[in-house]
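Shown below: query32.pdb, with PDB, C-alpha atoms.
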MODEL        1
ATOM      1  CA  MET A   1      26.760  56.025  35.384
ATOM      2  CA  ARG A   2      27.827  57.072  38.905
ATOM      3  CA  LEU A   3      31.491  58.001  39.026
ATOM      4  CA  SER A   4      33.449  57.265  42.197
ATOM      5  CA  TYR A   5      34.668  60.368  44.028
ATOM      6  CA  SER A   6      35.704  59.130  47.443
ATOM      7  CA  THR A   7      38.791  61.196  48.260
ATOM      8  CA  ARG A   8      37.821  64.583  49.627
ATOM      9  CA  PRO A   9      40.122  67.370  48.372
ATOM     10  CA  ALA A  10      42.529  68.758  50.931
ATOM     11  CA  PRO A  11      41.429  72.065  52.505
ATOM     12  CA  LEU A  12      42.778  75.123  50.724
ATOM     13  CA  GLY A  13      42.678  77.382  53.773
ATOM     14  CA  PHE A  14      40.966  80.778  53.701
ATOM     15  CA  GLY A  15      40.056  82.530  50.467
ATOM     16  CA  LEU A  16      38.115  85.300  48.785
ATOM     17  CA  GLY A  17      36.099  85.744  45.651
ATOM     18  CA  LEU A  18      38.294  87.114  42.870
ATOM     19  CA  ARG A  19      37.088  90.614  41.937
ATOM     20  CA  PRO A  20      38.607  92.838  39.196
ATOM     21  CA  GLN A  21      39.155  95.834  41.475
ATOM     22  CA  HIS A  22      41.598  93.747  43.513
ATOM     23  CA  TYR A  23      43.694  92.306  40.648
ATOM     24  CA  GLY A  24      46.641  94.650  41.218
ATOM     25  CA  GLU A  25      46.878  94.125  44.967
ATOM     26  CA  ILE A  26      46.513  90.372  44.563
ATOM     27  CA  LEU A  27      49.422  90.229  42.131
ATOM     28  CA  ASP A  28      51.501  92.457  44.410
ATOM     29  CA  GLY A  29      51.159  89.826  47.151
ATOM     30  CA  GLY A  30      51.790  90.316  50.835
ATOM     31  CA  HIS A  31      48.200  89.662  51.972
ATOM     32  CA  ASP A  32      46.677  86.827  53.980
ATOM     33  CA  VAL A  33      44.642  85.082  51.259
ATOM     34  CA  ASP A  34      45.313  81.414  50.545
ATOM     35  CA  TRP A  35      43.141  80.913  47.448
ATOM     36  CA  PHE A  36      40.523  82.546  45.229
ATOM     37  CA  GLU A  37      37.132  81.573  43.852
ATOM     38  CA  VAL A  38      36.402  82.810  40.319
ATOM     39  CA  ILE A  39      32.961  83.331  38.809
ATOM     40  CA  SER A  40      33.189  80.980  35.843
ATOM     41  CA  GLU A  41      30.997  83.037  33.502
ATOM     42  CA  ASN A  42      33.308  86.054  33.803
ATOM     43  CA  TYR A  43      36.097  84.174  32.004
ATOM     44  CA  LEU A  44      34.348  82.184  29.292
ATOM     45  CA  VAL A  45      34.908  84.804  26.569
ATOM     46  CA  PRO A  46      38.172  84.092  24.705
ATOM     47  CA  GLY A  47      40.943  86.636  25.134
ATOM     48  CA  GLY A  48      40.817  90.011  26.842
ATOM     49  CA  ASN A  49      42.368  91.452  29.962
ATOM     50  CA  PRO A  50      40.265  89.487  32.493
ATOM     51  CA  LEU A  51      41.544  86.194  31.115
ATOM     52  CA  ARG A  52      45.124  87.486  30.995
ATOM     53  CA  MET A  53      44.894  88.537  34.621
ATOM     54  CA  LEU A  54      43.337  85.201  35.556
ATOM     55  CA  ASP A  55      46.259  83.352  33.947
ATOM     56  CA  ARG A  56      48.714  85.354  36.049
ATOM     57  CA  ILE A  57      46.784  84.776  39.262
ATOM     58  CA  ALA A  58      46.429  81.056  38.475
ATOM     59  CA  GLU A  59      50.240  80.832  38.418
ATOM     60  CA  ARG A  60      50.376  82.104  41.997
ATOM     61  CA  TYR A  61      47.304  80.848  43.844
ATOM     62  CA  PRO A  62      44.994  77.831  43.981
ATOM     63  CA  LEU A  63      41.671  78.570  42.296
ATOM     64  CA  VAL A  64      38.185  77.098  42.262
ATOM     65  CA  MET A  65      35.519  77.801  39.649
ATOM     66  CA  HIS A  66      32.039  78.855  40.784
ATOM     67  CA  GLY A  67      29.228  79.143  38.241
ATOM     68  CA  VAL A  68      25.802  80.748  38.259
ATOM     69  CA  SER A  69      24.303  79.469  34.991
ATOM     70  CA  MET A  70      24.358  75.665  34.984
ATOM     71  CA  SER A  71      20.675  75.477  35.961
ATOM     72  CA  ILE A  72      21.072  71.951  37.261
ATOM     73  CA  ALA A  73      17.414  71.662  38.346
ATOM     74  CA  SER A  74      15.884  73.051  35.146
ATOM     75  CA  THR A  75      13.839  70.907  32.783
ATOM     76  CA  ALA A  76      15.455  72.667  29.821
ATOM     77  CA  PRO A  77      18.233  70.806  27.990
ATOM     78  CA  PHE A  78      21.762  71.702  29.018
ATOM     79  CA  ASP A  79      23.646  74.266  26.981
ATOM     80  CA  ASP A  80      26.482  72.026  25.819
ATOM     81  CA  ASP A  81      28.453  75.012  24.525
ATOM     82  CA  TYR A  82      28.402  76.371  28.068
ATOM     83  CA  LEU A  83      29.580  73.048  29.496
ATOM     84  CA  ASP A  84      32.335  72.889  26.881
ATOM     85  CA  GLY A  85      33.364  76.401  27.912
ATOM     86  CA  LEU A  86      33.612  75.305  31.538
ATOM     87  CA  ALA A  87      35.702  72.300  30.551
ATOM     88  CA  ASN A  88      38.042  74.475  28.462
ATOM     89  CA  LEU A  89      38.464  77.010  31.256
ATOM     90  CA  ALA A  90      39.168  74.204  33.719
ATOM     91  CA  ARG A  91      41.893  72.827  31.453
ATOM     92  CA  ARG A  92      43.388  76.304  31.284
ATOM     93  CA  ILE A  93      43.492  77.220  34.991
ATOM     94  CA  GLN A  94      43.331  73.756  36.636
ATOM     95  CA  PRO A  95      40.861  74.598  39.425
ATOM     96  CA  LYS A  96      40.693  72.426  42.496
ATOM     97  CA  TRP A  97      36.978  71.905  41.778
ATOM     98  CA  ILE A  98      34.017  73.312  39.834
ATOM     99  CA  SER A  99      30.877  74.383  41.659
ATOM    100  CA  ASP A 100      27.427  75.760  40.908
ATOM    101  CA  HIS A 101      24.076  76.080  42.675
ATOM    102  CA  LEU A 102      21.295  73.615  43.405
ATOM    103  CA  CYS A 103      18.589  75.583  41.608
ATOM    104  CA  TRP A 104      17.336  76.502  38.161
ATOM    105  CA  THR A 105      18.148  79.774  36.408
ATOM    106  CA  GLY A 106      16.107  79.705  33.208
ATOM    107  CA  VAL A 107      13.914  77.823  30.786
ATOM    108  CA  HIS A 108      12.967  77.998  27.095
ATOM    109  CA  GLY A 109      16.364  79.502  26.286
ATOM    110  CA  VAL A 110      15.939  82.467  28.650
ATOM    111  CA  ASN A 111      18.418  83.022  31.495
ATOM    112  CA  LEU A 112      16.570  84.777  34.318
ATOM    113  CA  HIS A 113      19.837  85.586  36.144
ATOM    114  CA  ASP A 114      18.501  84.413  39.481
ATOM    115  CA  LEU A 115      18.896  81.292  41.617
ATOM    116  CA  LEU A 116      15.368  79.904  41.630
ATOM    117  CA  PRO A 117      13.902  77.251  43.963
ATOM    118  CA  PHE A 118      12.024  74.071  43.129
ATOM    119  CA  PRO A 119       9.920  71.561  45.100
ATOM    120  CA  TYR A 120      11.805  68.817  46.929
ATOM    121  CA  THR A 121      10.027  65.800  45.498
ATOM    122  CA  ARG A 122      11.214  62.307  44.605
ATOM    123  CA  GLU A 123      10.617  63.154  40.938
ATOM    124  CA  ALA A 124      12.794  66.270  41.236
ATOM    125  CA  LEU A 125      15.476  64.249  43.003
ATOM    126  CA  ASP A 126      15.612  61.681  40.202
ATOM    127  CA  HIS A 127      15.759  64.506  37.659
ATOM    128  CA  VAL A 128      18.595  66.367  39.421
ATOM    129  CA  VAL A 129      20.564  63.154  40.004
ATOM    130  CA  ALA A 130      20.427  62.330  36.292
ATOM    131  CA  ARG A 131      21.537  65.833  35.327
ATOM    132  CA  ILE A 132      24.440  65.800  37.777
ATOM    133  CA  ALA A 133      25.576  62.486  36.306
ATOM    134  CA  TYR A 134      25.501  64.017  32.827
ATOM    135  CA  VAL A 135      27.578  67.040  33.870
ATOM    136  CA  GLN A 136      30.103  64.954  35.788
ATOM    137  CA  GLU A 137      30.590  62.641  32.829
ATOM    138  CA  ARG A 138      30.982  65.589  30.463
ATOM    139  CA  LEU A 139      33.450  67.444  32.700
ATOM    140  CA  GLY A 140      35.249  64.264  33.755
ATOM    141  CA  ARG A 141      35.296  65.396  37.363
ATOM    142  CA  PRO A 142      32.938  65.706  40.326
ATOM    143  CA  LEU A 143      30.606  68.672  40.512
ATOM    144  CA  CYS A 144      30.283  70.649  43.737
ATOM    145  CA  LEU A 145      26.778  72.000  44.460
ATOM    146  CA  GLU A 146      25.750  74.824  46.783
ATOM    147  CA  ASN A 147      22.565  75.187  48.798
ATOM    148  CA  VAL A 148      20.824  78.454  47.894
ATOM    149  CA  SER A 149      18.890  80.902  50.058
ATOM    150  CA  SER A 150      15.122  80.553  49.664
ATOM    151  CA  TYR A 151      12.078  82.713  50.213
ATOM    152  CA  VAL A 152       9.187  80.409  49.281
ATOM    153  CA  THR A 153       8.134  76.853  50.053
ATOM    154  CA  PHE A 154       6.171  74.413  47.915
ATOM    155  CA  GLU A 155       3.144  72.394  49.008
ATOM    156  CA  GLU A 156       4.364  69.651  46.653
ATOM    157  CA  SER A 157       7.611  69.109  48.580
ATOM    158  CA  GLU A 158       7.922  65.578  49.948
ATOM    159  CA  MET A 159      11.109  66.050  51.950
ATOM    160  CA  SER A 160      13.213  68.757  53.559
ATOM    161  CA  GLU A 161      15.913  70.600  51.664
ATOM    162  CA  TRP A 162      18.598  68.932  53.771
ATOM    163  CA  ASP A 163      17.259  65.450  53.188
ATOM    164  CA  PHE A 164      17.087  66.168  49.452
ATOM    165  CA  ILE A 165      20.719  67.337  49.425
ATOM    166  CA  ALA A 166      21.967  64.411  51.499
ATOM    167  CA  GLU A 167      20.311  61.868  49.197
ATOM    168  CA  MET A 168      21.482  63.733  46.097
ATOM    169  CA  ALA A 169      25.081  63.581  47.306
ATOM    170  CA  ARG A 170      24.773  59.900  48.212
ATOM    171  CA  ARG A 171      23.390  58.957  44.801
ATOM    172  CA  THR A 172      25.736  61.035  42.636
ATOM    173  CA  GLY A 173      28.989  61.259  44.594
ATOM    174  CA  CYS A 174      29.000  65.038  44.075
ATOM    175  CA  TRP A 175      30.709  67.352  46.536
ATOM    176  CA  LEU A 176      28.815  69.953  48.549
ATOM    177  CA  LEU A 177      29.440  73.663  49.044
ATOM    178  CA  PHE A 178      27.867  74.507  52.403
ATOM    179  CA  ASP A 179      26.821  78.151  52.278
ATOM    180  CA  VAL A 180      26.566  79.079  55.955
ATOM    181  CA  ASN A 181      24.774  82.357  55.330
ATOM    182  CA  ASN A 182      22.223  80.723  53.026
ATOM    183  CA  VAL A 183      21.411  78.110  55.669
ATOM    184  CA  PHE A 184      20.883  80.863  58.244
ATOM    185  CA  VAL A 185      18.771  82.996  55.882
ATOM    186  CA  SER A 186      16.548  80.117  54.804
ATOM    187  CA  ALA A 187      16.080  78.872  58.366
ATOM    188  CA  TYR A 188      14.996  82.339  59.487
ATOM    189  CA  ASN A 189      12.653  82.806  56.528
ATOM    190  CA  HIS A 190      10.948  79.430  56.918
ATOM    191  CA  GLY A 191      10.998  79.102  60.705
ATOM    192  CA  THR A 192      13.206  76.020  60.723
ATOM    193  CA  ASP A 193      16.274  75.168  62.793
ATOM    194  CA  ALA A 194      19.586  75.738  60.999
ATOM    195  CA  MET A 195      21.120  72.981  63.109
ATOM    196  CA  ASP A 196      18.705  70.438  61.610
ATOM    197  CA  PHE A 197      20.125  71.342  58.193
ATOM    198  CA  LEU A 198      23.714  71.227  59.408
ATOM    199  CA  ASN A 199      23.371  67.880  61.187
ATOM    200  CA  ALA A 200      21.692  66.144  58.223
ATOM    201  CA  ILE A 201      24.381  66.946  55.658
ATOM    202  CA  PRO A 202      26.965  64.166  55.122
ATOM    203  CA  ALA A 203      30.217  65.491  56.536
ATOM    204  CA  ASP A 204      32.389  63.592  54.079
ATOM    205  CA  ARG A 205      30.888  65.423  51.077
ATOM    206  CA  VAL A 206      31.404  69.041  52.218
ATOM    207  CA  ILE A 207      34.519  70.601  50.700
ATOM    208  CA  GLN A 208      33.827  74.347  50.879
ATOM    209  CA  PHE A 209      32.143  76.954  53.063
ATOM    210  CA  HIS A 210      30.712  80.273  51.910
ATOM    211  CA  LEU A 211      30.350  83.169  54.327
ATOM    212  CA  ALA A 212      28.525  86.363  53.376
ATOM    213  CA  GLY A 213      26.412  89.235  54.626
ATOM    214  CA  HIS A 214      22.646  89.541  54.315
ATOM    215  CA  SER A 215      19.968  92.220  54.658
ATOM    216  CA  ASP A 216      17.379  92.119  57.438
ATOM    217  CA  MET A 217      14.009  93.241  56.057
ATOM    218  CA  GLY A 218      12.205  92.740  59.345
ATOM    219  CA  THR A 219       9.880  89.958  58.279
ATOM    220  CA  HIS A 220      12.539  88.126  56.267
ATOM    221  CA  LEU A 221      16.210  88.081  55.363
ATOM    222  CA  ILE A 222      17.716  88.487  51.885
ATOM    223  CA  ASP A 223      21.077  87.065  50.852
ATOM    224  CA  THR A 224      22.675  90.210  49.416
ATOM    225  CA  HIS A 225      26.458  89.716  49.706
ATOM    226  CA  ASP A 226      26.840  93.458  50.247
ATOM    227  CA  ALA A 227      27.843  93.712  53.896
ATOM    228  CA  PRO A 228      30.082  92.037  56.489
ATOM    229  CA  VAL A 229      29.182  88.633  57.897
ATOM    230  CA  ARG A 230      26.762  88.948  60.815
ATOM    231  CA  ALA A 231      27.379  87.614  64.312
ATOM    232  CA  GLU A 232      24.687  84.911  64.053
ATOM    233  CA  VAL A 233      26.304  83.571  60.886
ATOM    234  CA  TRP A 234      29.706  83.489  62.555
ATOM    235  CA  ASP A 235      28.132  81.381  65.323
ATOM    236  CA  LEU A 236      26.703  78.960  62.749
ATOM    237  CA  TYR A 237      30.106  78.842  61.054
ATOM    238  CA  LYS A 238      31.686  77.685  64.325
ATOM    239  CA  ALA A 239      29.066  74.931  64.602
ATOM    240  CA  ALA A 240      29.747  73.930  60.980
ATOM    241  CA  LEU A 241      33.468  73.676  61.682
ATOM    242  CA  LYS A 242      32.825  71.347  64.594
ATOM    243  CA  ARG A 243      30.569  69.175  62.427
ATOM    244  CA  PHE A 244      32.580  69.136  59.177
ATOM    245  CA  GLY A 245      36.131  69.817  60.350
ATOM    246  CA  PRO A 246      38.676  71.991  58.508
ATOM    247  CA  VAL A 247      36.986  72.940  55.228
ATOM    248  CA  SER A 248      38.098  75.489  52.614
ATOM    249  CA  THR A 249      36.470  78.736  53.711
ATOM    250  CA  MET A 250      35.827  81.916  51.745
ATOM    251  CA  ILE A 251      33.983  85.206  52.083
ATOM    252  CA  GLU A 252      31.695  86.356  49.264
ATOM    253  CA  ARG A 253      31.255  90.050  48.554
ATOM    254  CA  ASP A 254      29.449  91.029  45.351
ATOM    255  CA  ASP A 255      28.257  94.582  46.079
ATOM    256  CA  ASN A 256      29.617  97.491  48.137
ATOM    257  CA  ILE A 257      32.969  95.786  47.663
ATOM    258  CA  PRO A 258      35.547  97.280  50.043
ATOM    259  CA  ALA A 259      39.313  97.458  49.776
ATOM    260  CA  LEU A 260      41.108  94.132  49.775
ATOM    261  CA  GLY A 261      42.568  94.826  53.210
ATOM    262  CA  GLU A 262      39.108  95.113  54.776
ATOM    263  CA  LEU A 263      38.075  91.758  53.338
ATOM    264  CA  VAL A 264      41.329  90.197  54.512
ATOM    265  CA  ASP A 265      40.623  91.436  58.047
ATOM    266  CA  GLU A 266      37.258  89.673  57.926
ATOM    267  CA  LEU A 267      38.894  86.571  56.485
ATOM    268  CA  ASN A 268      41.402  86.562  59.329
ATOM    269  CA  HIS A 269      38.458  86.594  61.740
ATOM    270  CA  ALA A 270      37.259  83.382  60.072
ATOM    271  CA  ARG A 271      40.775  81.995  60.442
ATOM    272  CA  ALA A 272      40.801  82.826  64.153
ATOM    273  CA  LEU A 273      37.363  81.275  64.757
ATOM    274  CA  ALA A 274      38.427  78.110  62.936
ATOM    275  CA  GLY A 275      41.491  77.869  65.121
ATOM    276  CA  GLU A 276      39.373  78.207  68.257
ATOM    277  CA  ALA A 277      36.692  75.754  67.099
ATOM    278  CA  LEU A 278      39.097  73.071  65.942
ATOM    279  CA  GLY A 279      42.020  73.624  68.286
ATOM    280  CA  LEU A 280      44.325  73.928  65.297
ATOM    281  CA  PRO A 281      46.795  76.661  64.343
ATOM    282  CA  PHE A 282      45.808  78.568  61.201
ATOM    283  CA  PRO A 283      48.647  81.062  60.751
ATOM    284  CA  ALA A 284      48.308  84.042  58.457
ATOM    285  CA  ARG A 285      49.506  83.396  54.958
ATOM    286  CA  ARG A 286      53.091  84.327  54.205
ATOM    287  CA  PRO A 287      53.622  86.653  51.245
ATOM    288  CA  ASN A 288      53.787  84.704  48.016
ATOM    289  CA  ALA A 289      57.315  84.828  46.646
ATOM    290  CA  LEU A 290      56.000  84.454  43.098
ATOM    291  CA  ALA A 291      53.696  87.416  43.562
ATOM    292  CA  ALA A 292      56.611  89.650  44.370
ATOM    293  CA  GLY A 293      58.339  88.848  41.136
TER     294      GLY A 293
ENDMDL
END

When written as structure tokens, how does the structure in this file appear?
Amino acid sequence: MRLSYSTRPAPLGFGLGLRPQHYGEILDGGHDVDWFEVISENYLVPGGNPLRMLDRIAERYPLVMHGVSMSIASTAPFDDDYLDGLANLARRIQPKWISDHLCWTGVHGVNLHDLLPFPYTREALDHVVARIAYVQERLGRPLCLENVSSYVTFEESEMSEWDFIAEMARRTGCWLLFDVNNVFVSAYNHGTDAMDFLNAIPADRVIQFHLAGHSDMGTHLIDTHDAPVRAEVWDLYKAALKRFGPVSTMIERDDNIPALGELVDELNHARALAGEALGLPFPARRPNALAAG
């Protein structure tokens, strides 16, 4: 059954991925971060310091959950214990939404710990649509799905990635996480136009942007999340803002993680670009009074 998810969540502002090395500074407050994205799998184990810290941060900031193990495009049965864990964590921290990736991550009970591509066929679309419906029914809320970076194409594909995503969103009512860097990386790798991707995505389904750095290997780009956002990706971000409007924006950094202040400086650059693109004021965040307590 298709659930009805017509009201797009209000933008959260400008956020960062929650990383353990920043817990202390985050709780001290006084920085320009509006919200945090948490990697769901890091908090599915009961008890322990990470969960205690997450509870404290959840009292002070809006959170969203972002997973890497749902394997929505796999042919393997869902791990219902995993889905129950997501539902329990969501009840605990009340995220604004739950997201994962449009990919598969394993089969035959083996998690390959990578975001793997699949052919964009009508059969695959029917399969993914049915699996999204199952997850949304089980979680009792809409799922938000992210486009991944890709490095191969399939002769079997019957449509573009962007047409697949647009139809998937139309048929399921799911939200979309538009990863700006992934669009740029994939367009470069496959010789396509990133603007074709951007213009095909239904604007009313996009609720979050990801920004990240990548590595230039000469013949191809790799989405590495280990460096600052590049100028070309900032340009695509400005185009995305003009197409989709004010959307919750965050910067991902998963390796070579700098001090919180350095990431906040980069986040404030995103804030400034959004203000220019949309003609709207996006003031720096005031210190959180709760965080000072």

Which residues would end up in the selection if the PyMOL selection byres ((chain A and resi 99-115) around 10) were applied here, given that I need the answer as a compact mmCIF listing (two decimals) with C-alpha atoms, in the frame of the given file?
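Saved as expr.txt:
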# COMPACT_ATOMS: atom_id res chain seq x y z
CA GLU A 37 37.13 81.57 43.85
CA ILE A 39 32.96 83.33 38.81
CA SER A 40 33.19 80.98 35.84
CA VAL A 64 38.18 77.10 42.26
CA MET A 65 35.52 77.80 39.65
CA HIS A 66 32.04 78.86 40.78
CA GLY A 67 29.23 79.14 38.24
CA VAL A 68 25.80 80.75 38.26
CA SER A 69 24.30 79.47 34.99
CA MET A 70 24.36 75.67 34.98
CA SER A 71 20.68 75.48 35.96
CA ILE A 72 21.07 71.95 37.26
CA ALA A 73 17.41 71.66 38.35
CA SER A 74 15.88 73.05 35.15
CA THR A 75 13.84 70.91 32.78
CA ALA A 76 15.46 72.67 29.82
CA PRO A 77 18.23 70.81 27.99
CA PHE A 78 21.76 71.70 29.02
CA ASP A 79 23.65 74.27 26.98
CA TRP A 97 36.98 71.90 41.78
CA ILE A 98 34.02 73.31 39.83
CA LEU A 116 15.37 79.90 41.63
CA PRO A 117 13.90 77.25 43.96
CA PHE A 118 12.02 74.07 43.13
CA VAL A 128 18.60 66.37 39.42
CA PRO A 142 32.94 65.71 40.33
CA LEU A 143 30.61 68.67 40.51
CA CYS A 144 30.28 70.65 43.74
CA LEU A 145 26.78 72.00 44.46
CA GLU A 146 25.75 74.82 46.78
CA ASN A 147 22.56 75.19 48.80
CA VAL A 148 20.82 78.45 47.89
CA SER A 149 18.89 80.90 50.06
CA SER A 150 15.12 80.55 49.66
CA ILE A 165 20.72 67.34 49.42
CA CYS A 174 29.00 65.04 44.08
CA TRP A 175 30.71 67.35 46.54
CA LEU A 176 28.82 69.95 48.55
CA LEU A 177 29.44 73.66 49.04
CA GLN A 208 33.83 74.35 50.88

Result set, the PyMOL selection byres ((chain A and resi 243-259) around 6) on current file, as a count of residues only: 22

Proximity to Ala133 in chain A - best of A:Pro119, A:Gly173, A:Pro46, A:Gly191, all atoms listed in the file: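 Using all atoms listed in the file, Ala133 in chain A sits closest to A:Gly173.
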
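Using the PyMOL selection byres ((chain A and resi 200) around 9) on the file at hand returns these residues: Trp162, Asp163, Ile165, Ala166, Met195, Asp196, Phe197, Leu198, Asn199, Ile201, Pro202 and Ala203 of chain A.
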
Expected file contents, prior selection, C-alpha atoms, as a PDB file, in the coordinates of the input:
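Saved result, part_4.pdb, follows:
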ATOM      1  CA  TRP A 162      18.598  68.932  53.771  1.00  0.00           C
ATOM      2  CA  ASP A 163      17.259  65.450  53.188  1.00  0.00           C
ATOM      3  CA  ILE A 165      20.719  67.337  49.425  1.00  0.00           C
ATOM      4  CA  ALA A 166      21.967  64.411  51.499  1.00  0.00           C
ATOM      5  CA  MET A 195      21.120  72.981  63.109  1.00  0.00           C
ATOM      6  CA  ASP A 196      18.705  70.438  61.610  1.00  0.00           C
ATOM      7  CA  PHE A 197      20.125  71.342  58.193  1.00  0.00           C
ATOM      8  CA  LEU A 198      23.714  71.227  59.408  1.00  0.00           C
ATOM      9  CA  ASN A 199      23.371  67.880  61.187  1.00  0.00           C
ATOM     10  CA  ILE A 201      24.381  66.946  55.658  1.00  0.00           C
ATOM     11  CA  PRO A 202      26.965  64.166  55.122  1.00  0.00           C
ATOM     12  CA  ALA A 203      30.217  65.491  56.536  1.00  0.00           C
TER      13      ALA A 203
END

A:Ala130, A:Leu89, A:Ala274, A:Leu83 ranked by distance to Leu44 in chain A, top pick (using all atoms listed in the file):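 Of A:Ala130, A:Leu89, A:Ala274, A:Leu83, the one nearest Leu44 in chain A, counting all atoms listed in the file, is A:Leu89.
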
Selected residue, from A:Arg271, A:Arg91, A:Arg170, A:Arg19, that lies nearest to Tyr237 in chain A when counting all atoms listed in the file: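 So, comparing all the options, the nearest one is A:Arg271.
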
Atomic separation - CA of Arg92 in chain A relative to CA of Arg52 in chain A, Å: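 The value is 11.3 Å.
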
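Atom pair CA of Ala187 in chain A / CA of Glu158 in chain A has a distance of 17.7 Å (rounded to one decimal).
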
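A straight line drawn from CA of Gly213 in chain A to CA of Ala272 in chain A is 18.4 Å long.
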
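Proximity ranking of A:Phe184, A:Ser157, A:Val38, A:Leu86 relative to Arg141 in chain A places A:Leu86 first, based on only C-alpha atoms.
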
Nearest residue to Glu59 in chain A from the set A:Gly24, A:Pro9, A:Pro281, A:Pro95 (distances using only C-alpha atoms): A:Pro95
